[in-house]
>>> print(open('input.pdb').read())   # PDB, C-alpha atoms
ATOM      1  CA  MET K   1     -40.150 -68.938 -10.420
ATOM      2  CA  SER K   2     -42.405 -71.936  -9.738
ATOM      3  CA  ASP K   3     -40.621 -73.334  -6.684
ATOM      4  CA  GLN K   4     -43.847 -74.555  -5.147
ATOM      5  CA  THR K   5     -44.670 -76.849  -8.083
ATOM      6  CA  THR K   6     -41.202 -78.057  -9.094
ATOM      7  CA  SER K   7     -40.187 -81.436  -7.661
ATOM      8  CA  ARG K   8     -36.943 -81.625  -5.713
ATOM      9  CA  MET K   9     -34.384 -84.327  -4.964
ATOM     10  CA  PRO K  10     -33.029 -83.769  -1.447
ATOM     11  CA  THR K  11     -29.310 -83.181  -1.107
ATOM     12  CA  GLY K  12     -29.486 -85.150   2.119
ATOM     13  CA  ILE K  13     -28.056 -82.157   4.044
ATOM     14  CA  THR K  14     -30.942 -81.612   6.445
ATOM     15  CA  SER K  15     -29.934 -78.032   7.279
ATOM     16  CA  LEU K  16     -29.643 -77.099   3.581
ATOM     17  CA  ASP K  17     -32.660 -78.738   1.943
ATOM     18  CA  PRO K  18     -35.253 -76.400   3.550
ATOM     19  CA  VAL K  19     -33.354 -73.435   2.051
ATOM     20  CA  LEU K  20     -33.705 -75.094  -1.371
ATOM     21  CA  ASN K  21     -37.419 -75.833  -0.899
ATOM     22  CA  GLY K  22     -36.644 -79.505  -0.374
ATOM     23  CA  GLY K  23     -33.514 -80.019  -2.441
ATOM     24  CA  VAL K  24     -32.137 -79.617  -5.959
ATOM     25  CA  VAL K  25     -33.956 -79.923  -9.266
ATOM     26  CA  PRO K  26     -33.650 -83.587 -10.353
ATOM     27  CA  GLY K  27     -31.462 -84.026 -13.402
ATOM     28  CA  SER K  28     -28.935 -81.425 -12.245
ATOM     29  CA  LEU K  29     -25.199 -81.755 -12.862
ATOM     30  CA  ILE K  30     -23.680 -80.210  -9.736
ATOM     31  CA  LEU K  31     -19.983 -79.384  -9.449
ATOM     32  CA  LEU K  32     -18.494 -79.509  -5.949
ATOM     33  CA  LEU K  33     -15.497 -77.174  -6.334
ATOM     34  CA  SER K  34     -13.360 -77.236  -3.231
ATOM     35  CA  ASP K  35     -10.217 -76.060  -1.541
ATOM     36  CA  ILE K  36      -8.375 -79.046  -0.092
ATOM     37  CA  GLY K  37     -10.134 -80.170   3.091
ATOM     38  CA  ALA K  38     -12.829 -77.496   2.898
ATOM     39  CA  GLY K  39     -15.782 -79.894   3.063
ATOM     40  CA  SER K  40     -16.839 -81.153  -0.368
ATOM     41  CA  ALA K  41     -16.023 -84.781   0.478
ATOM     42  CA  GLU K  42     -18.039 -84.581   3.709
ATOM     43  CA  PHE K  43     -20.904 -82.934   1.779
ATOM     44  CA  ALA K  44     -20.997 -85.911  -0.623
ATOM     45  CA  TYR K  45     -20.602 -88.473   2.175
ATOM     46  CA  THR K  46     -23.433 -86.922   4.199
ATOM     47  CA  SER K  47     -25.675 -86.895   1.128
ATOM     48  CA  LEU K  48     -24.868 -90.545   0.478
ATOM     49  CA  ILE K  49     -25.434 -91.555   4.116
ATOM     50  CA  THR K  50     -28.741 -89.701   4.440
ATOM     51  CA  HIS K  51     -30.160 -91.090   1.200
ATOM     52  CA  ALA K  52     -29.057 -94.607   2.105
ATOM     53  CA  ARG K  53     -31.072 -94.313   5.341
ATOM     54  CA  MET K  54     -34.197 -92.879   3.726
ATOM     55  CA  LYS K  55     -37.135 -95.038   2.722
ATOM     56  CA  LYS K  56     -37.453 -95.464  -1.036
ATOM     57  CA  GLN K  57     -40.571 -93.411  -1.421
ATOM     58  CA  SER K  58     -41.218 -89.860  -2.533
ATOM     59  CA  GLY K  59     -42.859 -87.307  -0.328
ATOM     60  CA  GLU K  60     -45.013 -84.486  -1.640
ATOM     61  CA  GLY K  61     -42.907 -82.565  -4.171
ATOM     62  CA  LEU K  62     -39.835 -84.714  -3.416
ATOM     63  CA  LEU K  63     -38.103 -87.304  -5.567
ATOM     64  CA  LEU K  64     -35.928 -89.785  -3.717
ATOM     65  CA  PRO K  65     -33.313 -91.638  -5.795
ATOM     66  CA  GLU K  66     -34.109 -95.093  -7.142
ATOM     67  CA  GLU K  67     -30.495 -96.016  -6.443
ATOM     68  CA  ILE K  68     -27.313 -94.387  -5.152
ATOM     69  CA  ARG K  69     -24.050 -94.845  -7.058
ATOM     70  CA  TYR K  70     -20.566 -93.838  -5.980
ATOM     71  CA  ILE K  71     -18.053 -93.961  -8.840
ATOM     72  CA  SER K  72     -14.384 -93.750  -7.896
ATOM     73  CA  ILE K  73     -11.600 -93.084 -10.384
ATOM     74  CA  THR K  74      -8.574 -93.942  -8.217
ATOM     75  CA  ARG K  75      -9.844 -95.342  -4.898
ATOM     76  CA  THR K  76     -11.226 -98.712  -3.861
ATOM     77  CA  LYS K  77     -14.635 -99.315  -2.325
ATOM     78  CA  GLU K  78     -12.944-100.502   0.883
ATOM     79  CA  ASP K  79     -10.902 -97.289   1.116
ATOM     80  CA  ILE K  80     -13.986 -95.087   0.704
ATOM     81  CA  ILE K  81     -16.134 -97.033   3.156
ATOM     82  CA  GLY K  82     -13.266 -97.063   5.632
ATOM     83  CA  GLU K  83     -12.953 -93.270   5.446
ATOM     84  CA  ILE K  84     -16.715 -92.830   5.917
ATOM     85  CA  ASN K  85     -16.718 -95.150   8.934
ATOM     86  CA  ARG K  86     -13.777 -93.312  10.506
ATOM     87  CA  SER K  87     -15.336 -89.902   9.895
ATOM     88  CA  PHE K  88     -18.834 -90.522  11.256
ATOM     89  CA  LYS K  89     -20.401 -92.493  14.080
ATOM     90  CA  LYS K  90     -21.534 -96.045  13.475
ATOM     91  CA  ASP K  91     -25.248 -95.310  13.893
ATOM     92  CA  LEU K  92     -25.000 -93.024  10.831
ATOM     93  CA  THR K  93     -22.957 -95.279   8.577
ATOM     94  CA  GLU K  94     -24.270 -98.743   9.362
ATOM     95  CA  GLY K  95     -25.338-100.627   6.218
ATOM     96  CA  ILE K  96     -23.825 -98.146   3.735
ATOM     97  CA  ALA K  97     -21.851-100.838   1.915
ATOM     98  CA  GLU K  98     -25.056-102.776   1.166
ATOM     99  CA  ARG K  99     -27.267 -99.817   0.229
ATOM    100  CA  VAL K 100     -24.875 -97.940  -2.073
ATOM    101  CA  ILE K 101     -23.582 -99.256  -5.412
ATOM    102  CA  PHE K 102     -19.834 -98.631  -5.607
ATOM    103  CA  ARG K 103     -17.958 -98.718  -8.911
ATOM    104  CA  ASP K 104     -14.153 -98.633  -8.918
ATOM    105  CA  LEU K 105     -12.499 -97.533 -12.194
ATOM    106  CA  SER K 106      -9.000 -97.358 -10.718
ATOM    107  CA  ALA K 107      -7.619-100.335 -12.685
ATOM    108  CA  GLY K 108      -8.387 -98.609 -15.990
ATOM    109  CA  TYR K 109      -7.076 -95.282 -14.691
ATOM    110  CA  PHE K 110      -3.753 -96.638 -13.440
ATOM    111  CA  GLU K 111      -3.341 -98.872 -16.479
ATOM    112  CA  ARG K 112      -3.052 -95.679 -18.512
ATOM    113  CA  SER K 113      -0.365 -94.325 -16.194
ATOM    114  CA  VAL K 114       3.198 -95.243 -15.179
ATOM    115  CA  VAL K 115       1.968 -97.004 -12.014
ATOM    116  CA  PRO K 116       3.042-100.694 -12.015
ATOM    117  CA  ALA K 117       0.229-103.251 -12.160
ATOM    118  CA  ASN K 118       1.211-104.962  -8.886
ATOM    119  CA  TRP K 119       0.388-101.737  -7.000
ATOM    120  CA  TYR K 120      -3.302-101.846  -7.882
ATOM    121  CA  ASP K 121      -4.076-105.232  -9.477
ATOM    122  CA  ASN K 122      -4.334-107.878  -6.781
ATOM    123  CA  GLN K 123      -5.210-110.533  -9.375
ATOM    124  CA  GLY K 124      -1.819-110.499 -11.084
ATOM    125  CA  GLY K 125      -0.398-110.214 -14.562
ATOM    126  CA  VAL K 126      -3.190-111.774 -16.656
ATOM    127  CA  VAL K 127      -5.705-109.098 -15.732
ATOM    128  CA  ALA K 128      -3.063-106.407 -16.149
ATOM    129  CA  ARG K 129      -2.313-107.557 -19.687
ATOM    130  CA  MET K 130      -6.025-107.583 -20.552
ATOM    131  CA  GLN K 131      -6.328-104.029 -19.230
ATOM    132  CA  ARG K 132      -3.321-102.905 -21.264
ATOM    133  CA  LYS K 133      -4.812-104.337 -24.438
ATOM    134  CA  LYS K 134      -8.083-102.545 -23.737
ATOM    135  CA  ALA K 135      -6.270 -99.282 -23.007
ATOM    136  CA  GLU K 136      -4.845 -99.226 -26.522
ATOM    137  CA  HIS K 137      -8.348 -98.748 -27.963
ATOM    138  CA  ASP K 138     -10.228 -97.217 -25.093
ATOM    139  CA  SER K 139     -10.149 -94.336 -22.607
ATOM    140  CA  ILE K 140     -11.084 -93.674 -19.014
ATOM    141  CA  LEU K 141     -14.028 -91.642 -20.322
ATOM    142  CA  ALA K 142     -15.270 -94.697 -22.215
ATOM    143  CA  ASP K 143     -15.027 -96.707 -18.982
ATOM    144  CA  LEU K 144     -16.931 -93.992 -17.163
ATOM    145  CA  ILE K 145     -19.638 -93.740 -19.833
ATOM    146  CA  ALA K 146     -20.192 -97.511 -19.688
ATOM    147  CA  THR K 147     -20.493 -97.353 -15.896
ATOM    148  CA  LEU K 148     -22.936 -94.433 -16.042
ATOM    149  CA  ASP K 149     -25.057 -96.270 -18.606
ATOM    150  CA  GLU K 150     -25.499 -99.142 -16.136
ATOM    151  CA  GLY K 151     -27.473 -96.923 -13.762
ATOM    152  CA  ARG K 152     -31.213 -96.601 -13.335
ATOM    153  CA  PRO K 153     -33.133 -93.368 -14.028
ATOM    154  CA  LYS K 154     -34.058 -91.059 -11.143
ATOM    155  CA  SER K 155     -30.851 -91.847  -9.275
ATOM    156  CA  LEU K 156     -28.118 -90.063  -7.343
ATOM    157  CA  ILE K 157     -24.549 -90.404  -8.638
ATOM    158  CA  ILE K 158     -21.400 -89.181  -6.908
ATOM    159  CA  LEU K 159     -18.319 -89.039  -9.155
ATOM    160  CA  ASP K 160     -15.046 -88.959  -7.244
ATOM    161  CA  SER K 161     -13.093 -87.281  -8.706
ATOM    162  CA  LEU K 162     -13.111 -85.132 -11.825
ATOM    163  CA  THR K 163      -9.698 -83.869 -10.744
ATOM    164  CA  ASP K 164      -8.194 -87.284 -11.493
ATOM    165  CA  ILE K 165      -9.725 -87.414 -14.970
ATOM    166  CA  ALA K 166      -8.749 -83.839 -15.849
ATOM    167  CA  GLY K 167      -5.100 -84.679 -15.226
ATOM    168  CA  LEU K 168      -5.230 -87.235 -18.048
ATOM    169  CA  TYR K 169      -6.833 -84.761 -20.474
ATOM    170  CA  ASN K 170      -4.550 -81.795 -20.048
ATOM    171  CA  ASP K 171      -3.337 -81.413 -23.627
ATOM    172  CA  PRO K 172      -5.592 -79.312 -25.924
ATOM    173  CA  GLY K 173      -6.979 -82.096 -28.118
ATOM    174  CA  ARG K 174      -7.912 -84.378 -25.239
ATOM    175  CA  TRP K 175      -9.215 -81.461 -23.184
ATOM    176  CA  ASN K 176     -11.884 -80.776 -25.818
ATOM    177  CA  ASN K 177     -13.046 -84.386 -25.450
ATOM    178  CA  LEU K 178     -13.418 -83.944 -21.692
ATOM    179  CA  VAL K 179     -15.463 -80.745 -22.101
ATOM    180  CA  ALA K 180     -17.665 -82.434 -24.713
ATOM    181  CA  PHE K 181     -18.206 -85.332 -22.285
ATOM    182  CA  LEU K 182     -19.251 -82.952 -19.494
ATOM    183  CA  ARG K 183     -21.674 -81.082 -21.744
ATOM    184  CA  GLY K 184     -23.149 -84.408 -22.855
ATOM    185  CA  LEU K 185     -23.400 -85.536 -19.232
ATOM    186  CA  GLN K 186     -25.203 -82.306 -18.299
ATOM    187  CA  ARG K 187     -27.707 -83.001 -21.066
ATOM    188  CA  VAL K 188     -28.299 -86.704 -20.456
ATOM    189  CA  ALA K 189     -28.708 -86.159 -16.696
ATOM    190  CA  LYS K 190     -32.021 -84.522 -17.528
ATOM    191  CA  THR K 191     -33.082 -87.439 -19.730
ATOM    192  CA  TRP K 192     -32.293 -89.803 -16.862
ATOM    193  CA  ASN K 193     -33.743 -87.402 -14.270
ATOM    194  CA  THR K 194     -30.608 -88.219 -12.285
ATOM    195  CA  THR K 195     -28.717 -85.861  -9.986
ATOM    196  CA  ILE K 196     -24.924 -86.032 -10.366
ATOM    197  CA  PHE K 197     -22.312 -84.605  -7.980
ATOM    198  CA  LEU K 198     -18.833 -84.062  -9.450
ATOM    199  CA  HIS K 199     -15.772 -83.387  -7.280
ATOM    200  CA  LEU K 200     -13.120 -80.962  -8.529
ATOM    201  CA  THR K 201     -10.233 -79.722  -6.405
ATOM    202  CA  ARG K 202      -9.833 -75.968  -6.741
ATOM    203  CA  GLY K 203      -6.595 -74.425  -8.004
ATOM    204  CA  ILE K 204      -5.062 -77.494  -9.664
ATOM    205  CA  LEU K 205      -6.214 -76.696 -13.202
ATOM    206  CA  ASP K 206      -5.493 -73.435 -14.992
ATOM    207  CA  SER K 207      -8.167 -70.906 -14.064
ATOM    208  CA  TYR K 208      -9.657 -70.730 -17.558
ATOM    209  CA  ARG K 209     -10.073 -74.510 -17.651
ATOM    210  CA  GLU K 210     -11.624 -74.511 -14.211
ATOM    211  CA  LEU K 211     -14.131 -71.916 -15.450
ATOM    212  CA  GLU K 212     -14.834 -73.990 -18.558
ATOM    213  CA  ILE K 213     -15.777 -76.947 -16.359
ATOM    214  CA  CYS K 214     -17.946 -74.683 -14.201
ATOM    215  CA  ASP K 215     -19.751 -73.545 -17.336
ATOM    216  CA  CYS K 216     -20.711 -77.158 -18.124
ATOM    217  CA  ALA K 217     -22.540 -77.635 -14.811
ATOM    218  CA  ASP K 218     -26.062 -76.651 -13.796
ATOM    219  CA  ALA K 219     -24.816 -75.676 -10.351
ATOM    220  CA  VAL K 220     -21.428 -74.888  -8.829
ATOM    221  CA  ILE K 221     -20.971 -75.089  -5.069
ATOM    222  CA  LEU K 222     -17.673 -73.674  -3.827
ATOM    223  CA  PHE K 223     -16.156 -74.918  -0.575
ATOM    224  CA  LYS K 224     -13.340 -72.750   0.766
ATOM    225  CA  TRP K 225     -11.457 -71.675   3.854
ATOM    226  CA  GLU K 226     -11.786 -68.160   5.269
ATOM    227  CA  GLU K 227     -10.145 -66.470   8.224
ATOM    228  CA  GLY K 228     -12.627 -65.902  11.033
ATOM    229  CA  SER K 229     -12.412 -63.984  14.282
ATOM    230  CA  GLY K 230      -9.249 -64.518  16.286
ATOM    231  CA  GLN K 231      -7.505 -65.850  13.156
ATOM    232  CA  ARG K 232      -9.618 -68.991  13.355
ATOM    233  CA  ARG K 233     -10.101 -70.702  10.008
ATOM    234  CA  GLN K 234     -13.706 -71.328   9.008
ATOM    235  CA  ARG K 235     -15.129 -73.518   6.271
ATOM    236  CA  ILE K 236     -17.454 -71.542   3.985
ATOM    237  CA  MET K 237     -19.809 -72.768   1.267
ATOM    238  CA  TYR K 238     -20.915 -70.538  -1.648
ATOM    239  CA  PHE K 239     -23.440 -71.038  -4.393
ATOM    240  CA  MET K 240     -21.460 -69.675  -7.342
ATOM    241  CA  LYS K 241     -24.113 -70.753  -9.816
ATOM    242  CA  PHE K 242     -27.453 -72.560  -9.668
ATOM    243  CA  ARG K 243     -29.582 -72.492 -12.796
ATOM    244  CA  GLY K 244     -33.241 -71.879 -12.012
ATOM    245  CA  VAL K 245     -32.562 -71.503  -8.286
ATOM    246  CA  MET K 246     -30.021 -68.662  -7.947
ATOM    247  CA  PRO K 247     -32.539 -65.774  -8.240
ATOM    248  CA  TYR K 248     -34.618 -67.302  -5.443
ATOM    249  CA  LEU K 249     -31.558 -67.657  -3.192
ATOM    250  CA  GLU K 250     -30.325 -64.125  -3.856
ATOM    251  CA  GLU K 251     -33.743 -62.646  -3.083
ATOM    252  CA  ARG K 252     -33.314 -64.057   0.425
ATOM    253  CA  ASP K 253     -29.558 -63.321   0.601
ATOM    254  CA  LEU K 254     -28.918 -67.057   0.970
ATOM    255  CA  VAL K 255     -25.770 -67.410  -1.105
ATOM    256  CA  LYS K 256     -23.062 -67.935   1.510
ATOM    257  CA  PHE K 257     -23.058 -70.378   4.418
ATOM    258  CA  ALA K 258     -20.772 -71.266   7.297
ATOM    259  CA  VAL K 259     -20.010 -74.987   7.413
ATOM    260  CA  ARG K 260     -19.650 -77.355  10.344
ATOM    261  CA  ILE K 261     -18.682 -81.025  10.141
ATOM    262  CA  GLY K 262     -19.438 -83.347  13.039
ATOM    263  CA  ALA K 263     -19.105 -87.081  13.619
ATOM    264  CA  SER K 264     -22.709 -87.286  14.843
ATOM    265  CA  SER K 265     -24.418 -85.067  12.262
ATOM    266  CA  GLY K 266     -22.097 -85.017   9.246
ATOM    267  CA  PHE K 267     -22.008 -81.919   7.044
ATOM    268  CA  ASP K 268     -24.081 -79.017   8.365
ATOM    269  CA  VAL K 269     -24.608 -75.400   7.282
ATOM    270  CA  GLU K 270     -25.568 -72.190   9.011
ATOM    271  CA  ASN K 271     -27.210 -69.325   7.118
ATOM    272  CA  ILE K 272     -25.222 -66.116   6.776
ATOM    273  CA  ARG K 273     -27.598 -63.407   5.592
ATOM    274  CA  MET K 274     -25.353 -61.116   3.608
ATOM    275  CA  VAL K 275     -25.092 -59.826   0.060
ATOM    276  CA  ILE K 276     -22.014 -61.122  -1.716
TER     277      ILE K 276
END
>>> encode(input="input.pdb", output="structure tokens")
Amino acid sequence: MSDQTTSRMPTGITSLDPVLNGGVVPGSLILLLSDIGAGSAEFAYTSLITHARMKKQSGEGLLLPEEIRYISITRTKEDIIGEINRSFKKDLTEGIAERVIFRDLSAGYFERSVVPANWYDNQGGVVARMQRKKAEHDSILADLIATLDEGRPKSLIILDSLTDIAGLYNDPGRWNNLVAFLRGLQRVAKTWNTTIFLHLTRGILDSYRELEICDCADAVILFKWEEGSGQRRQRIMYFMKFRGVMPYLEERDLVKFAVRIGASSGFDVENIRMVI
């Protein structure tokens, strides 16, 4: 494998990027599959924070994103920024709101649900009626595609959360549309040379559908809880799949990592040298 000549986009996890020879292959669709609270959100937040603090220039063999986008399906920008600010110290998070492009698709999502408009639409009934009219001819995937098309090439996109979208596409006919969208997204990410992180909560979908989503991604990172010594729970991160990178990781037994999350450093990993 030509790791020495292939450019990398850093994940922004400073303890992980050296293991990956600088980061991930640009244009990768990366699924963050996680037990509840096991660390995928902090992984994405740390990546976002680190990239927002980096200078917009590429080092040797590294490709830094032209822009950083955070696309939310059900949450507001203020909610996300508030969580980031509460989770990490101010010297890490300062300026995030100005350096990251946030897109909130929650109005379109809730408009297609039973949730009343006054719960999510602060502008009142006129906007709600316009959204309802649009919903008759449109879908949340169409909203998402339009938002993705706004982005610049060579970017980093965090999509929070695929779990929300999957719940709307649970019947067989609509499910096929979601899978087709993900396979198209995996393909166009390479055209854009853009790295995309997708959140999916583990165990909510049927196992065969969860596997079908995993099959659409270039890489699958699993975040889970394990019992440690003295019955202490430990966050663990696995590489379940990583096209073009997995053989290199397995040669060095770097497939499984212990995870630590700190207010001063964000998401951090420790190597566990063991064969899975």
>>> residues_around(input="input.pdb", residues="Asp268 of chain K", least_positions_apart="3", cutoff="7 Å", atoms="only C-alpha atoms", output="list of chain:residue names")
K:Ile13, K:Ser15, K:Val259, K:Arg260, K:Ile261
>>> resolve_selection(input="input.pdb", expression="the PyMOL selection byres ((chain K and resi 234-251) around 6)", output="ChimeraX atom specification")
/K:38,218-226,228,233,252-259
>>> resolve_selection(input="input.pdb", expression="the PyMOL selection byres ((chain K and resi 155-170) around 7)", output="list of chain:residue names")
K:Pro65, K:Glu66, K:Glu67, K:Ile68, K:Arg69, K:Tyr70, K:Ile71, K:Ser72, K:Ile73, K:Arg152, K:Pro153, K:Lys154, K:Asp171, K:Pro172, K:Arg174, K:Trp175, K:Leu178, K:Thr194, K:Thr195, K:Ile196, K:Phe197, K:Leu198, K:His199, K:Leu200, K:Thr201
>>> atom_distance(input="input.pdb", atom1="atom CA of Thr11 of chain K", atom2="atom CA of Arg232 of chain K")
28.3 Å
>>> residues_near_point(input="input.pdb", point="(-16.8, -96.5, -9.1)", cutoff="12 Å", atoms="all atoms listed in the file", output="ChimeraX atom specification")
/K:68-80,100-109,140,143-148,150-151,157-161
>>> resolve_selection(input="input.pdb", expression="the PyMOL selection byres ((chain K and resi 216) around 7)", output="number ranges by chain")
K: 182-183, 186, 212-215, 217-218
>>> write_last_selection(input="input.pdb", atoms="C-alpha atoms", output="PDB file, keeping the file's coordinate frame")
ATOM      1  CA  LEU K 182     -19.251 -82.952 -19.494  1.00  0.00           C
ATOM      2  CA  ARG K 183     -21.674 -81.082 -21.744  1.00  0.00           C
ATOM      3  CA  GLN K 186     -25.203 -82.306 -18.299  1.00  0.00           C
ATOM      4  CA  GLU K 212     -14.834 -73.990 -18.558  1.00  0.00           C
ATOM      5  CA  ILE K 213     -15.777 -76.947 -16.359  1.00  0.00           C
ATOM      6  CA  CYS K 214     -17.946 -74.683 -14.201  1.00  0.00           C
ATOM      7  CA  ASP K 215     -19.751 -73.545 -17.336  1.00  0.00           C
ATOM      8  CA  ALA K 217     -22.540 -77.635 -14.811  1.00  0.00           C
ATOM      9  CA  ASP K 218     -26.062 -76.651 -13.796  1.00  0.00           C
TER      10      ASP K 218
END
>>> decode(input="input.pdb", residues="segment 178-189 of chain K", atoms="N, CA and C atoms", output="PDB file, in the first residue's frame")
ATOM      1  N   LEU K 178     -33.125   5.549   0.770  1.00  0.00           N
ATOM      2  CA  LEU K 178     -32.068   5.970   1.691  1.00  0.00           C
ATOM      3  C   LEU K 178     -30.751   5.286   1.347  1.00  0.00           C
ATOM      4  N   VAL K 179     -30.789   3.984   1.067  1.00  0.00           N
ATOM      5  CA  VAL K 179     -29.567   3.252   0.719  1.00  0.00           C
ATOM      6  C   VAL K 179     -28.976   3.799  -0.587  1.00  0.00           C
ATOM      7  N   ALA K 180     -29.844   4.075  -1.564  1.00  0.00           N
ATOM      8  CA  ALA K 180     -29.368   4.642  -2.825  1.00  0.00           C
ATOM      9  C   ALA K 180     -28.709   5.996  -2.590  1.00  0.00           C
ATOM     10  N   PHE K 181     -29.300   6.809  -1.702  1.00  0.00           N
ATOM     11  CA  PHE K 181     -28.698   8.103  -1.358  1.00  0.00           C
ATOM     12  C   PHE K 181     -27.304   7.925  -0.759  1.00  0.00           C
ATOM     13  N   LEU K 182     -27.162   6.976   0.165  1.00  0.00           N
ATOM     14  CA  LEU K 182     -25.867   6.762   0.818  1.00  0.00           C
ATOM     15  C   LEU K 182     -24.821   6.266  -0.177  1.00  0.00           C
ATOM     16  N   ARG K 183     -25.218   5.393  -1.083  1.00  0.00           N
ATOM     17  CA  ARG K 183     -24.260   4.918  -2.088  1.00  0.00           C
ATOM     18  C   ARG K 183     -23.875   6.056  -3.038  1.00  0.00           C
ATOM     19  N   GLY K 184     -24.824   6.917  -3.370  1.00  0.00           N
ATOM     20  CA  GLY K 184     -24.498   8.085  -4.181  1.00  0.00           C
ATOM     21  C   GLY K 184     -23.593   9.054  -3.442  1.00  0.00           C
ATOM     22  N   LEU K 185     -23.838   9.221  -2.139  1.00  0.00           N
ATOM     23  CA  LEU K 185     -23.015  10.113  -1.325  1.00  0.00           C
ATOM     24  C   LEU K 185     -21.590   9.592  -1.226  1.00  0.00           C
ATOM     25  N   GLN K 186     -21.449   8.266  -1.075  1.00  0.00           N
ATOM     26  CA  GLN K 186     -20.114   7.654  -1.020  1.00  0.00           C
ATOM     27  C   GLN K 186     -19.351   7.911  -2.314  1.00  0.00           C
ATOM     28  N   ARG K 187     -20.074   7.897  -3.427  1.00  0.00           N
ATOM     29  CA  ARG K 187     -19.432   8.124  -4.724  1.00  0.00           C
ATOM     30  C   ARG K 187     -19.069   9.594  -4.943  1.00  0.00           C
ATOM     31  N   VAL K 188     -20.013  10.490  -4.649  1.00  0.00           N
ATOM     32  CA  VAL K 188     -19.765  11.903  -4.945  1.00  0.00           C
ATOM     33  C   VAL K 188     -18.757  12.514  -3.969  1.00  0.00           C
ATOM     34  N   ALA K 189     -18.601  11.917  -2.780  1.00  0.00           N
ATOM     35  CA  ALA K 189     -17.589  12.414  -1.846  1.00  0.00           C
ATOM     36  C   ALA K 189     -16.201  12.396  -2.483  1.00  0.00           C
TER      37      ALA K 189
END
